Amino acid sequence: MSKKIYADNAATTRVYPEVLDAMKTYFDEEYWNPSSTYESAGKAAKKVAEARNVIANAINARDKEIFFTGGGSESDNWAIKGVADALREKGNHIITTKIEHHAVLHTCEFLEKHGFEVTYLPVDEDGLVDLEELESAIRPTTILISVMFANNEIGTIEPIAEIGKIAKEHGVTFHTDAVQAFGHEPIDVEAMNIDLLSASAHKLNGPKGVGLLYIRRGTKISNLIHGGGQENGRRAGTTNTAGIIGFAKATEIAVENMEKNNQYEARLRDKLIERILEEVPYVRLNGHRERRLANNANFCFRFIEGESLLIMLDLKGICASSGSACTSGSLDPSHVLLAIGLPHEIAHGSIRFSISTDTKEEDIDYIVDELKGIVERLRSMSPLYEDFVKEVG
Amino acid sequence: MSKKIYADNAATTRVYPEVLDAMKTYFDEEYWNPSSTYESAGKAAKKVAEARNVIANAINARDKEIFFTGGGSESDNWAIKGVADALREKGNHIITTKIEHHAVLHTCEFLEKHGFEVTYLPVDEDGLVDLEELESAIRPTTILISVMFANNEIGTIEPIAEIGKIAKEHGVTFHTDAVQAFGHEPIDVEAMNIDLLSASAHKLNGPKGVGLLYIRRGTKISNLIHGGGQENGRRAGTTNTAGIIGFAKATEIAVENMEKNNQYEARLRDKLIERILEEVPYVRLNGHRERRLANNANFCFRFIEGESLLIMLDLKGICASSGSACTSGSLDPSHVLLAIGLPHEIAHGSIRFSISTDTKEEDIDYIVDELKGIVERLRSMSPLYEDFVKEVG
Amino acid sequence: MSQVTEYSEKVMDHFSNPRNMGELENPSGVGTVGNAKCGDIMRMYLDIDDQQVVREAKFKTFGCGAAVATSSMATELVKGKSVNEALDVTNKAVMEALDGLPPVKVHCSLLAEQAIHAALWDYAEKNDLKIEGLKPPVNDIDETEEFYEMGGE
Amino acid sequence: MSQVTEYSEKVMDHFSNPRNMGELENPSGVGTVGNAKCGDIMRMYLDIDDQQVVREAKFKTFGCGAAVATSSMATELVKGKSVNEALDVTNKAVMEALDGLPPVKVHCSLLAEQAIHAALWDYAEKNDLKIEGLKPPVNDIDETEEFYEMGGE
Ligand SMILES: Cc1ncc(COP(=O)(O)O)c(C=O)c1O
Ligand SMILES: Cc1ncc(COP(=O)(O)O)c(C=O)c1O
């Protein structure tokens, strides 16, 4: 197979050479534990401090408000369980949405087993949270609102600043899972009144296994990983110097090029969306048409199941992803697609293309050209399509 | 400064070139998310599966019993909180020791605030747990015994197989923090009746930010990081392919060379211990003389405070570590040194040398030679020594 | 673990080049099993001659790679068999013929078995036959949801 | 964050090359403050002439790098000063002279201030003087623990 188009950047991204370069020394030469006393270790500590500063600046936070973790999932778990534990006396109610990542949803479900009550807000057909609905869900016992910055499947960007404002007015702590947005969309924790924010390095051309939780000064939150005094006593574990330094380098590059990259990606994304909607029948674009991540295009192809589509694309050298249940071994398709109101049958036929600046214009054409043939072929195999054609006549 | 001797391998280790080599591709070329459907991702998944196998074999576990985490601290937190949560109905009593790493101790303290009772077993002057004391601490409500495999400060190796036997006889889940022992001491989870075991890659020349929890099949334990279905649904978070592959490579090298390395290190360690005990007055070796990690030597130098000693060594190019409180900002010295019965004043004067196969015989001589001068100099500055000399006459 | 790499070569072959895909004009029996809600629907067409031998088998499948491959293999396995022999084409037989399936995909082979049975049942009904050991198919295909009527695209 | 790199160059200089380290044979005043249990003990010797001017100052310190450096700096600062001026050598003055200390080390500078006061108090007592603003030192040096008598090495 010669052709290779990676269109699954929402799953993970290529580590940039500059990022790997920045990290390398911290594996073998400057391998010191930055918590140690000797001078060499101080160099590593200084580098980590610089990294923290770069990352803090990216979201208008203070250095001391950035806490490095082992990834986005840990950050989400920490934010939610940490607030739940710290504010247990104050209340037991949490508000989130039906379209959160499982790192949020399953954490909330865990808390439900421990006496917490969780409101899972519905979203509209574009995946947007309704602000009035959110506000009216707030109770005297509400201790946390957790709404994702941008959805990982359908790319919809939530009205975070507006939610932050509501949360602030009601004195409720506000967490946002910004794993898909950090380094991709402008974020200002001050202007947006964000109290807690999760991010993960590998979604922006950094390494896997390192993430962060932004914690606004003064926010009440218990630790999740207890132990040594690292991260100002808030998150134990020997500092992952290489990972953190790589994260910072990736952030630096992402922030510097954000506008340019987004313009580039949005143009290709729009071309992909337009060609597919025009040239393939019985297709639906999932997610909001405008308020969406620049790199995300998600479709449902009627009468077709996602995994089959995915494998056929793979055989043509195209890497994409599907919200189909078949890839996960469960019977239910993506909870996100169900939440935007798709029937199971349609939701099973979803595919997500998440492009990057590595994607070329000709790649988009190649994707659409191949996709047309594949969709046609799979429909010719589909009993659902057979019935549909017979019905329609 | 030309001379540079790194004698702090218990804090962290150099990543071997072979390990970095094994990892590299998984950052930039094979950066795929191993949970993805397309074929390329399958390669990464296969590599991770191989890594899991290498690591499982190292401790006589099955592949499915190995769960990768973000480090030793996370593994400890998971083991303890996970069992506490899963067995809450069965009981609320946990047994551990006074000399555990903070990742264990602070987790236990957290649980104490949540209705659990914890017995912190004392140790003898060598740092060994008393088996009878342990057995008699078991109550009908005991749900977990957590005793470290080897102590990170004084190097003492606990009687793990014996503890495993007792735990099994009483039907109590047994966790061991083997962060210092994994890859350094032979471990057999079957023979030793270990139910849960924590390890961390960076203690054996692997990368920082990746660890594991071994979970014996059938062990009841809740998740700590909820979310995606990675690690068989037990630990969410995008798989840290490079980290895991590096961890496996490091394990492979460590296991293959364990005997040879331990012989080498133990010889140098013994030389260090013997020369210091002979040539420096008023010194105490901490930890068991024989049942100790091959790379660990820990001393208390009377009349001297550890941080001063550490800086002076650093100025001579020697990197070591101290259990002195002054490096941590607290007023109490190491809880481990206090637990083996040292008075505060003596405990403040501790230093740990943790060598590696990189350490040369001449390094040992250099350390001792420099140390003698430094100890003498610091004693000449010490009012405690002044008083002592005057008293003794 | 990725699914694709867990598929055997045989599965990938039957997915990429499915045998007997399509419809039969006047089938002796046709059966549809599965559930669009769950993401799998298999339809099997059988052409059975007077000697009760399956002369032709065709399928259409909405479903994952394993669903397509098991359908394809199932048609191959029943072709040329007597009705009674065809009844013995179990999900195990299909799986073995495909060199195995990943654990999460075992249900697809069950579906293939059910599809054969459903088609045979249809054949039996049409011809007023009683086939020893054949039970009526459980038709759990969901009602088409009313998404499109409700303005869905 | 590592401690060493948080030390200013001045601190490192006064730690590596402490000024006035040692004892005085017949000091006008000597004071010992701190607590072995907490890991810091400072002893300051002062030689004060008839004009109540500090002619000589020496110290001995058991403690961390900052403890040594603040002792050294404190002796430098009191030398040549009158007793009343010496009283004004506060922990702040010591810290400033050292270009600052890491937050966890600020207590060392307080100890240095106390050591000066303790030595001055001793001088005042010996000479039956009353020095304005000087309070008796709090002697919180721990009882020597009985570890060695109990068989400790
Ligand atoms: C005994 C022991 N347990 C746990 C840990 C924590 O491991 P990590 O720093 O990888 O989280 C360490 C080392 O720091 C250790 O020595
Ligand atoms: C929105 C969102 N939240 C959380 C996560 C989890 O991040 P990680 O895989 O780094 O733990 C992801 C990606 O996997 C994500 O897309």
# chains A, B, ... in the order shown; residues from 1 in each chain; ligands from 1
call {"tool": "select_by_dssp", "arguments": {"residues": "range 139-269 of chain B", "states": "alpha helix (DSSP H)", "output": "MDAnalysis selection string"}}
result
chainID B and resid 160:169 230:233 241:269
call {"tool": "residues_around", "arguments": {"residues": "range 8-24 of chain B", "least_positions_apart": "3", "cutoff": "8 Å", "atoms": "only C-alpha atoms", "output": "PyMOL selection string"}}
result
(chain A and resi 27-29+31-33+36) or (chain B and resi 27-28+152-153+180+202-207+242-243+245-247+249-250+296+319-321+352-356)
call {"tool": "write_last_selection", "arguments": {"atoms": "C-alpha atoms", "output": "PDB file, in the first residue's frame"}}
result
ATOM      1  CA  PHE A  27      15.890  10.877  28.730  1.00  0.00           C
ATOM      2  CA  ASP A  28      19.566  10.081  28.655  1.00  0.00           C
ATOM      3  CA  GLU A  29      21.720  13.097  29.385  1.00  0.00           C
ATOM      4  CA  TYR A  31      17.767  12.454  33.197  1.00  0.00           C
ATOM      5  CA  TRP A  32      17.881  13.974  36.679  1.00  0.00           C
ATOM      6  CA  ASN A  33      14.968  13.996  39.028  1.00  0.00           C
ATOM      7  CA  SER A  36      16.721  16.506  43.814  1.00  0.00           C
TER       8      SER A  36
ATOM      9  CA  PHE B  27       6.825   9.210  18.899  1.00  0.00           C
ATOM     10  CA  ASP B  28       7.077  10.302  15.312  1.00  0.00           C
ATOM     11  CA  ASN B 152      13.653   3.395  48.925  1.00  0.00           C
ATOM     12  CA  GLU B 153      15.685   5.132  51.618  1.00  0.00           C
ATOM     13  CA  GLN B 180      12.563  -0.046  44.068  1.00  0.00           C
ATOM     14  CA  HIS B 202      12.255   5.179  35.573  1.00  0.00           C
ATOM     15  CA  LYS B 203      13.791   3.240  38.441  1.00  0.00           C
ATOM     16  CA  LEU B 204      15.303   0.721  36.032  1.00  0.00           C
ATOM     17  CA  ASN B 205      16.666   2.886  33.243  1.00  0.00           C
ATOM     18  CA  GLY B 206      13.283   3.323  31.589  1.00  0.00           C
ATOM     19  CA  PRO B 207      11.392   6.571  31.016  1.00  0.00           C
ATOM     20  CA  ALA B 242       6.562   4.880  23.586  1.00  0.00           C
ATOM     21  CA  GLY B 243       6.649   4.811  27.374  1.00  0.00           C
ATOM     22  CA  ILE B 245       7.738  -0.005  24.930  1.00  0.00           C
ATOM     23  CA  GLY B 246      10.617   1.716  26.726  1.00  0.00           C
ATOM     24  CA  PHE B 247       9.495   0.194  30.006  1.00  0.00           C
ATOM     25  CA  LYS B 249      12.960  -2.785  26.900  1.00  0.00           C
ATOM     26  CA  ALA B 250      14.341  -1.606  30.219  1.00  0.00           C
ATOM     27  CA  ASN B 296      21.794   1.171  48.302  1.00  0.00           C
ATOM     28  CA  CYS B 319      25.080  13.484  43.385  1.00  0.00           C
ATOM     29  CA  ALA B 320      23.456  11.810  46.378  1.00  0.00           C
ATOM     30  CA  SER B 321      20.325  12.254  48.404  1.00  0.00           C
ATOM     31  CA  ARG B 352      21.872   7.933  50.713  1.00  0.00           C
ATOM     32  CA  PHE B 353      24.188   6.754  47.983  1.00  0.00           C
ATOM     33  CA  SER B 354      22.414   4.671  45.350  1.00  0.00           C
ATOM     34  CA  ILE B 355      24.838   3.437  42.770  1.00  0.00           C
ATOM     35  CA  SER B 356      24.427   1.680  39.419  1.00  0.00           C
TER      36      SER B 356
END
call {"tool": "residues_near_ligand", "arguments": {"ligand": "ligand 1", "cutoff": "6 Å", "atoms": "only C-alpha atoms and all ligand atoms", "output": "list in words"}}
result
Gly237 and Thr238 of chain A; Gly71, Gly72, Ser73, His101, Ala103, Asn151, Asn152, Asp177, Val179, Gln180 and Ser200 of chain B
call {"tool": "residues_around", "arguments": {"residues": "Val78 in chain C", "least_positions_apart": "4", "cutoff": "12 Å", "atoms": "only C-alpha atoms", "output": "PyMOL selection string"}}
result
chain C and resi 20+44-48+52-59+71-74+82-90+93-94+112-113+115-117+119-120
call {"tool": "write_last_selection", "arguments": {"atoms": "N, CA, C and O atoms", "output": "compact mmCIF listing (two decimals), in the first residue's frame"}}
result
# COMPACT_ATOMS: atom_id res chain seq x y z
N ASN C 20 -20.53 -14.72 -2.94
CA ASN C 20 -21.99 -14.86 -3.00
C ASN C 20 -22.76 -13.64 -2.49
O ASN C 20 -23.83 -13.75 -1.93
N MET C 44 -30.19 -13.73 4.14
CA MET C 44 -29.68 -14.83 3.34
C MET C 44 -30.74 -15.35 2.40
O MET C 44 -31.88 -15.57 2.79
N TYR C 45 -30.33 -15.53 1.14
CA TYR C 45 -31.20 -16.09 0.11
C TYR C 45 -30.70 -17.49 -0.23
O TYR C 45 -29.52 -17.68 -0.46
N LEU C 46 -31.62 -18.46 -0.27
CA LEU C 46 -31.21 -19.81 -0.63
C LEU C 46 -32.02 -20.29 -1.83
O LEU C 46 -33.24 -20.05 -1.93
N ASP C 47 -31.33 -20.98 -2.73
CA ASP C 47 -32.01 -21.65 -3.85
C ASP C 47 -31.86 -23.15 -3.61
O ASP C 47 -30.74 -23.67 -3.60
N ILE C 48 -32.97 -23.83 -3.34
CA ILE C 48 -32.92 -25.22 -2.93
C ILE C 48 -33.67 -26.08 -3.97
O ILE C 48 -34.80 -25.75 -4.34
N GLN C 52 -33.79 -31.28 -2.16
CA GLN C 52 -33.48 -30.55 -0.91
C GLN C 52 -31.98 -30.27 -0.78
O GLN C 52 -31.41 -30.38 0.30
N VAL C 53 -31.36 -29.95 -1.90
CA VAL C 53 -29.94 -29.56 -1.86
C VAL C 53 -29.84 -28.07 -2.16
O VAL C 53 -30.52 -27.55 -3.06
N VAL C 54 -29.02 -27.40 -1.38
CA VAL C 54 -28.84 -25.95 -1.57
C VAL C 54 -27.97 -25.74 -2.81
O VAL C 54 -26.78 -26.06 -2.80
N ARG C 55 -28.57 -25.22 -3.85
CA ARG C 55 -27.80 -25.03 -5.09
C ARG C 55 -27.10 -23.67 -5.10
O ARG C 55 -26.00 -23.53 -5.60
N GLU C 56 -27.77 -22.69 -4.55
CA GLU C 56 -27.22 -21.33 -4.56
C GLU C 56 -27.49 -20.67 -3.22
O GLU C 56 -28.52 -20.94 -2.59
N ALA C 57 -26.58 -19.84 -2.80
CA ALA C 57 -26.81 -19.05 -1.59
C ALA C 57 -26.25 -17.66 -1.83
O ALA C 57 -25.17 -17.51 -2.43
N LYS C 58 -26.99 -16.66 -1.42
CA LYS C 58 -26.53 -15.27 -1.57
C LYS C 58 -26.80 -14.54 -0.25
O LYS C 58 -27.66 -14.95 0.53
N PHE C 59 -26.09 -13.46 -0.05
CA PHE C 59 -26.36 -12.71 1.19
C PHE C 59 -26.27 -11.21 0.95
O PHE C 59 -25.63 -10.75 0.01
N SER C 71 -21.07 -13.90 6.98
CA SER C 71 -22.13 -14.11 6.00
C SER C 71 -21.56 -14.81 4.77
O SER C 71 -22.11 -15.78 4.27
N SER C 72 -20.45 -14.26 4.32
CA SER C 72 -19.83 -14.80 3.12
C SER C 72 -19.46 -16.26 3.34
O SER C 72 -19.76 -17.13 2.52
N MET C 73 -18.83 -16.55 4.47
CA MET C 73 -18.40 -17.92 4.74
C MET C 73 -19.61 -18.84 4.90
O MET C 73 -19.61 -19.98 4.42
N ALA C 74 -20.65 -18.33 5.55
CA ALA C 74 -21.85 -19.15 5.75
C ALA C 74 -22.45 -19.56 4.42
O ALA C 74 -22.83 -20.73 4.22
N SER C 82 -27.19 -30.63 1.71
CA SER C 82 -28.62 -30.88 1.85
C SER C 82 -29.16 -29.98 2.94
O SER C 82 -28.40 -29.44 3.76
N VAL C 83 -30.46 -29.85 2.96
CA VAL C 83 -31.08 -29.00 3.96
C VAL C 83 -30.68 -29.45 5.36
O VAL C 83 -30.37 -28.63 6.23
N ASN C 84 -30.67 -30.74 5.58
CA ASN C 84 -30.31 -31.24 6.90
C ASN C 84 -28.85 -30.96 7.25
O ASN C 84 -28.53 -30.61 8.38
N GLU C 85 -28.00 -31.12 6.25
CA GLU C 85 -26.58 -30.80 6.48
C GLU C 85 -26.41 -29.30 6.75
O GLU C 85 -25.62 -28.88 7.60
N ALA C 86 -27.17 -28.50 6.02
CA ALA C 86 -27.05 -27.05 6.17
C ALA C 86 -27.40 -26.63 7.60
O ALA C 86 -26.84 -25.68 8.15
N LEU C 87 -28.33 -27.39 8.18
CA LEU C 87 -28.71 -27.10 9.56
C LEU C 87 -27.55 -27.26 10.52
O LEU C 87 -27.52 -26.68 11.60
N ASP C 88 -26.60 -28.09 10.12
CA ASP C 88 -25.44 -28.33 11.00
C ASP C 88 -24.32 -27.31 10.81
O ASP C 88 -23.28 -27.42 11.45
N VAL C 89 -24.52 -26.35 9.92
CA VAL C 89 -23.52 -25.28 9.77
C VAL C 89 -23.72 -24.32 10.94
O VAL C 89 -24.48 -23.38 10.88
N THR C 90 -23.04 -24.63 12.02
CA THR C 90 -23.22 -23.85 13.24
C THR C 90 -22.30 -22.64 13.23
O THR C 90 -21.44 -22.49 12.36
N ALA C 93 -18.78 -23.76 13.29
CA ALA C 93 -18.25 -24.18 12.00
C ALA C 93 -17.82 -22.97 11.19
O ALA C 93 -16.75 -22.95 10.57
N VAL C 94 -18.64 -21.91 11.23
CA VAL C 94 -18.31 -20.70 10.49
C VAL C 94 -17.03 -20.08 11.03
O VAL C 94 -16.12 -19.69 10.30
N ALA C 112 -24.87 -15.43 11.69
CA ALA C 112 -24.79 -16.18 10.43
C ALA C 112 -25.55 -17.49 10.55
O ALA C 112 -26.31 -17.87 9.64
N GLU C 113 -25.37 -18.14 11.68
CA GLU C 113 -26.12 -19.39 11.91
C GLU C 113 -27.62 -19.12 11.87
O GLU C 113 -28.39 -19.83 11.22
N ALA C 115 -29.14 -16.74 10.38
CA ALA C 115 -29.57 -16.36 9.03
C ALA C 115 -29.87 -17.60 8.21
O ALA C 115 -30.86 -17.66 7.48
N ILE C 116 -28.99 -18.60 8.33
CA ILE C 116 -29.22 -19.86 7.61
C ILE C 116 -30.55 -20.46 8.06
O ILE C 116 -31.41 -20.82 7.25
N HIS C 117 -30.71 -20.52 9.38
CA HIS C 117 -31.94 -21.10 9.92
C HIS C 117 -33.18 -20.34 9.45
O HIS C 117 -34.20 -20.94 9.12
N ALA C 119 -33.58 -18.60 6.75
CA ALA C 119 -33.85 -18.86 5.33
C ALA C 119 -34.45 -20.25 5.14
O ALA C 119 -35.38 -20.44 4.35
N LEU C 120 -33.92 -21.20 5.90
CA LEU C 120 -34.46 -22.57 5.81
C LEU C 120 -35.90 -22.61 6.31
O LEU C 120 -36.76 -23.30 5.76
call {"tool": "atom_distance", "arguments": {"atom1": "CA of Ile187 in chain B", "atom2": "CA of Thr239 in chain B"}}
result
25.5 Å
call {"tool": "residues_around", "arguments": {"residues": "Gly341 in chain B", "least_positions_apart": "5", "cutoff": "10 Å", "atoms": "only C-alpha atoms", "output": "list in words"}}
result
Pro122, Val123, Asp124, Glu125, Asp126, Gly127, His335, Val336, Ile346 and Ala347 of chain B; Phe147 and Gly152 of chain D
call {"tool": "write_last_selection", "arguments": {"atoms": "N, CA, C and O atoms", "output": "compact mmCIF listing (two decimals), in the first residue's frame"}}
result
# COMPACT_ATOMS: atom_id res chain seq x y z
N PRO B 122 5.17 -0.97 63.05
CA PRO B 122 6.54 -0.51 63.29
C PRO B 122 7.52 -1.46 62.60
O PRO B 122 7.12 -2.54 62.15
N VAL B 123 8.77 -1.06 62.55
CA VAL B 123 9.81 -1.94 62.01
C VAL B 123 10.95 -1.98 63.03
O VAL B 123 11.02 -1.14 63.94
N ASP B 124 11.84 -2.96 62.88
CA ASP B 124 12.97 -3.02 63.82
C ASP B 124 14.06 -2.05 63.38
O ASP B 124 13.89 -1.31 62.42
N GLU B 125 15.18 -2.05 64.07
CA GLU B 125 16.21 -1.04 63.79
C GLU B 125 16.86 -1.22 62.43
O GLU B 125 17.52 -0.32 61.93
N ASP B 126 16.61 -2.37 61.79
CA ASP B 126 17.10 -2.58 60.43
C ASP B 126 16.04 -2.25 59.38
O ASP B 126 16.30 -2.33 58.18
N GLY B 127 14.87 -1.96 59.87
CA GLY B 127 13.79 -1.63 58.93
C GLY B 127 12.92 -2.80 58.55
O GLY B 127 12.12 -2.70 57.63
N HIS B 335 10.67 10.00 57.74
CA HIS B 335 9.85 9.13 58.58
C HIS B 335 10.45 7.73 58.67
O HIS B 335 10.23 7.02 59.65
N VAL B 336 11.21 7.35 57.67
CA VAL B 336 11.83 6.01 57.68
C VAL B 336 12.91 5.94 58.76
O VAL B 336 12.97 4.99 59.54
N ILE B 346 20.04 12.73 64.88
CA ILE B 346 20.87 11.83 64.07
C ILE B 346 20.25 11.67 62.68
O ILE B 346 20.95 11.67 61.67
N ALA B 347 18.94 11.55 62.68
CA ALA B 347 18.26 11.34 61.40
C ALA B 347 18.50 12.49 60.44
O ALA B 347 18.54 12.31 59.23
N PHE D 147 19.57 8.13 72.74
CA PHE D 147 19.76 7.08 71.76
C PHE D 147 21.06 6.32 71.99
O PHE D 147 21.08 5.09 72.00
N GLY D 152 22.37 2.81 70.72
CA GLY D 152 22.52 3.28 69.35
C GLY D 152 23.99 3.44 69.02
O GLY D 152 24.81 3.68 69.92
call {"tool": "interface_residues", "arguments": {"of": "chain A", "to": "chain C", "cutoff": "9 Å", "atoms": "only C-alpha atoms", "output": "PyMOL selection string"}}
result
chain A and resi 282-285+303-309+311-312+315+324-333+341-349+378-386
call {"tool": "closest_residue", "arguments": {"among": "A:Gly211, A:Gly218, A:Pro159, A:Gly171", "to": "ligand 2", "atoms": "only C-alpha atoms and all ligand atoms"}}
result
A:Gly211
call {"tool": "residues_around", "arguments": {"residues": "Ala49 in chain A", "least_positions_apart": "4", "cutoff": "9 Å", "atoms": "only C-alpha atoms", "output": "compact mmCIF listing (two decimals) with N, CA and C atoms, in the first residue's frame"}}
result
# COMPACT_ATOMS: atom_id res chain seq x y z
N ALA A 44 17.21 20.58 35.21
CA ALA A 44 15.95 19.94 34.81
C ALA A 44 14.78 20.69 35.43
N ALA A 45 14.95 21.06 36.69
CA ALA A 45 13.88 21.78 37.38
C ALA A 45 13.59 23.10 36.69
N ASN A 53 5.62 27.69 32.46
CA ASN A 53 5.34 29.07 32.10
C ASN A 53 4.77 29.17 30.69
N VAL A 54 5.38 28.45 29.77
CA VAL A 54 4.89 28.45 28.38
C VAL A 54 3.43 28.02 28.34
N ASP A 63 1.63 30.42 36.38
CA ASP A 63 2.44 29.20 36.42
C ASP A 63 1.97 28.26 37.52
N MET D 1 11.10 21.58 42.94
CA MET D 1 12.21 22.53 42.66
C MET D 1 13.40 22.18 43.57
call {"tool": "closest_atom_pairs", "arguments": {"of": "chain B", "to": "ligand 2", "cutoff": "12 Å", "atoms": "only C-alpha atoms and all ligand atoms", "output": "tab-separated table"}}
result
residue	atom	partner	partner_atom_place_in_ligand_line	distance
B:Asn33	CA	ligand 2	9 (O)	9.3
B:Pro34	CA	ligand 2	9 (O)	11.3
B:Ser35	CA	ligand 2	14 (O)	10.2
B:Ser36	CA	ligand 2	14 (O)	11.2
B:Thr69	CA	ligand 2	11 (O)	11.0
B:Gly70	CA	ligand 2	11 (O)	10.4
B:Ile225	CA	ligand 2	11 (O)	9.0
B:His226	CA	ligand 2	11 (O)	9.6
B:Gly227	CA	ligand 2	6 (C)	7.6
B:Gly228	CA	ligand 2	14 (O)	7.5
B:Gly229	CA	ligand 2	9 (O)	10.3
B:Gln230	CA	ligand 2	9 (O)	9.1
B:Glu231	CA	ligand 2	9 (O)	11.9
B:Arg235	CA	ligand 2	11 (O)	9.5
B:Ala236	CA	ligand 2	11 (O)	6.4
B:Gly237	CA	ligand 2	11 (O)	3.3
B:Thr238	CA	ligand 2	9 (O)	3.5
B:Thr239	CA	ligand 2	9 (O)	7.2
B:Asn240	CA	ligand 2	10 (O)	8.9
B:Thr241	CA	ligand 2	9 (O)	11.7
call {"tool": "decode", "arguments": {"residues": "range 159-170 of chain A", "atoms": "N, CA, C and O atoms", "output": "tab-separated table (two decimals), in the first residue's frame"}}
result
chain	number	residue	atom	x	y	z
A	159	PRO	N	-20.39	26.82	24.18
A	159	PRO	CA	-20.28	28.23	24.58
A	159	PRO	C	-19.65	28.36	25.96
A	159	PRO	O	-20.33	28.64	26.95
A	160	ILE	N	-18.34	28.16	26.01
A	160	ILE	CA	-17.64	28.04	27.29
A	160	ILE	C	-17.65	29.33	28.09
A	160	ILE	O	-17.87	29.32	29.31
A	161	ALA	N	-17.42	30.45	27.43
A	161	ALA	CA	-17.40	31.73	28.16
A	161	ALA	C	-18.76	31.99	28.81
A	161	ALA	O	-18.84	32.44	29.96
A	162	GLU	N	-19.82	31.67	28.08
A	162	GLU	CA	-21.16	31.89	28.62
A	162	GLU	C	-21.42	30.95	29.81
A	162	GLU	O	-22.02	31.35	30.81
A	163	ILE	N	-20.98	29.72	29.68
A	163	ILE	CA	-21.16	28.78	30.78
A	163	ILE	C	-20.34	29.23	31.99
A	163	ILE	O	-20.81	29.18	33.14
A	164	GLY	N	-19.12	29.70	31.72
A	164	GLY	CA	-18.27	30.18	32.80
A	164	GLY	C	-18.94	31.33	33.55
A	164	GLY	O	-18.87	31.40	34.79
A	165	LYS	N	-19.59	32.17	32.80
A	165	LYS	CA	-20.26	33.32	33.41
A	165	LYS	C	-21.40	32.84	34.33
A	165	LYS	O	-21.52	33.29	35.48
A	166	ILE	N	-22.18	31.92	33.81
A	166	ILE	CA	-23.29	31.39	34.62
A	166	ILE	C	-22.76	30.73	35.88
A	166	ILE	O	-23.25	30.94	36.99
A	167	ALA	N	-21.73	29.90	35.71
A	167	ALA	CA	-21.15	29.18	36.86
A	167	ALA	C	-20.68	30.18	37.90
A	167	ALA	O	-20.91	30.01	39.11
A	168	LYS	N	-20.01	31.22	37.42
A	168	LYS	CA	-19.48	32.21	38.35
A	168	LYS	C	-20.61	32.91	39.11
A	168	LYS	O	-20.54	33.09	40.33
A	169	GLU	N	-21.62	33.31	38.37
A	169	GLU	CA	-22.74	34.01	39.00
A	169	GLU	C	-23.38	33.17	40.11
A	169	GLU	O	-23.86	33.70	41.10
A	170	HIS	N	-23.37	31.86	39.90
A	170	HIS	CA	-23.99	30.98	40.89
A	170	HIS	C	-22.99	30.42	41.89
A	170	HIS	O	-23.33	29.60	42.73
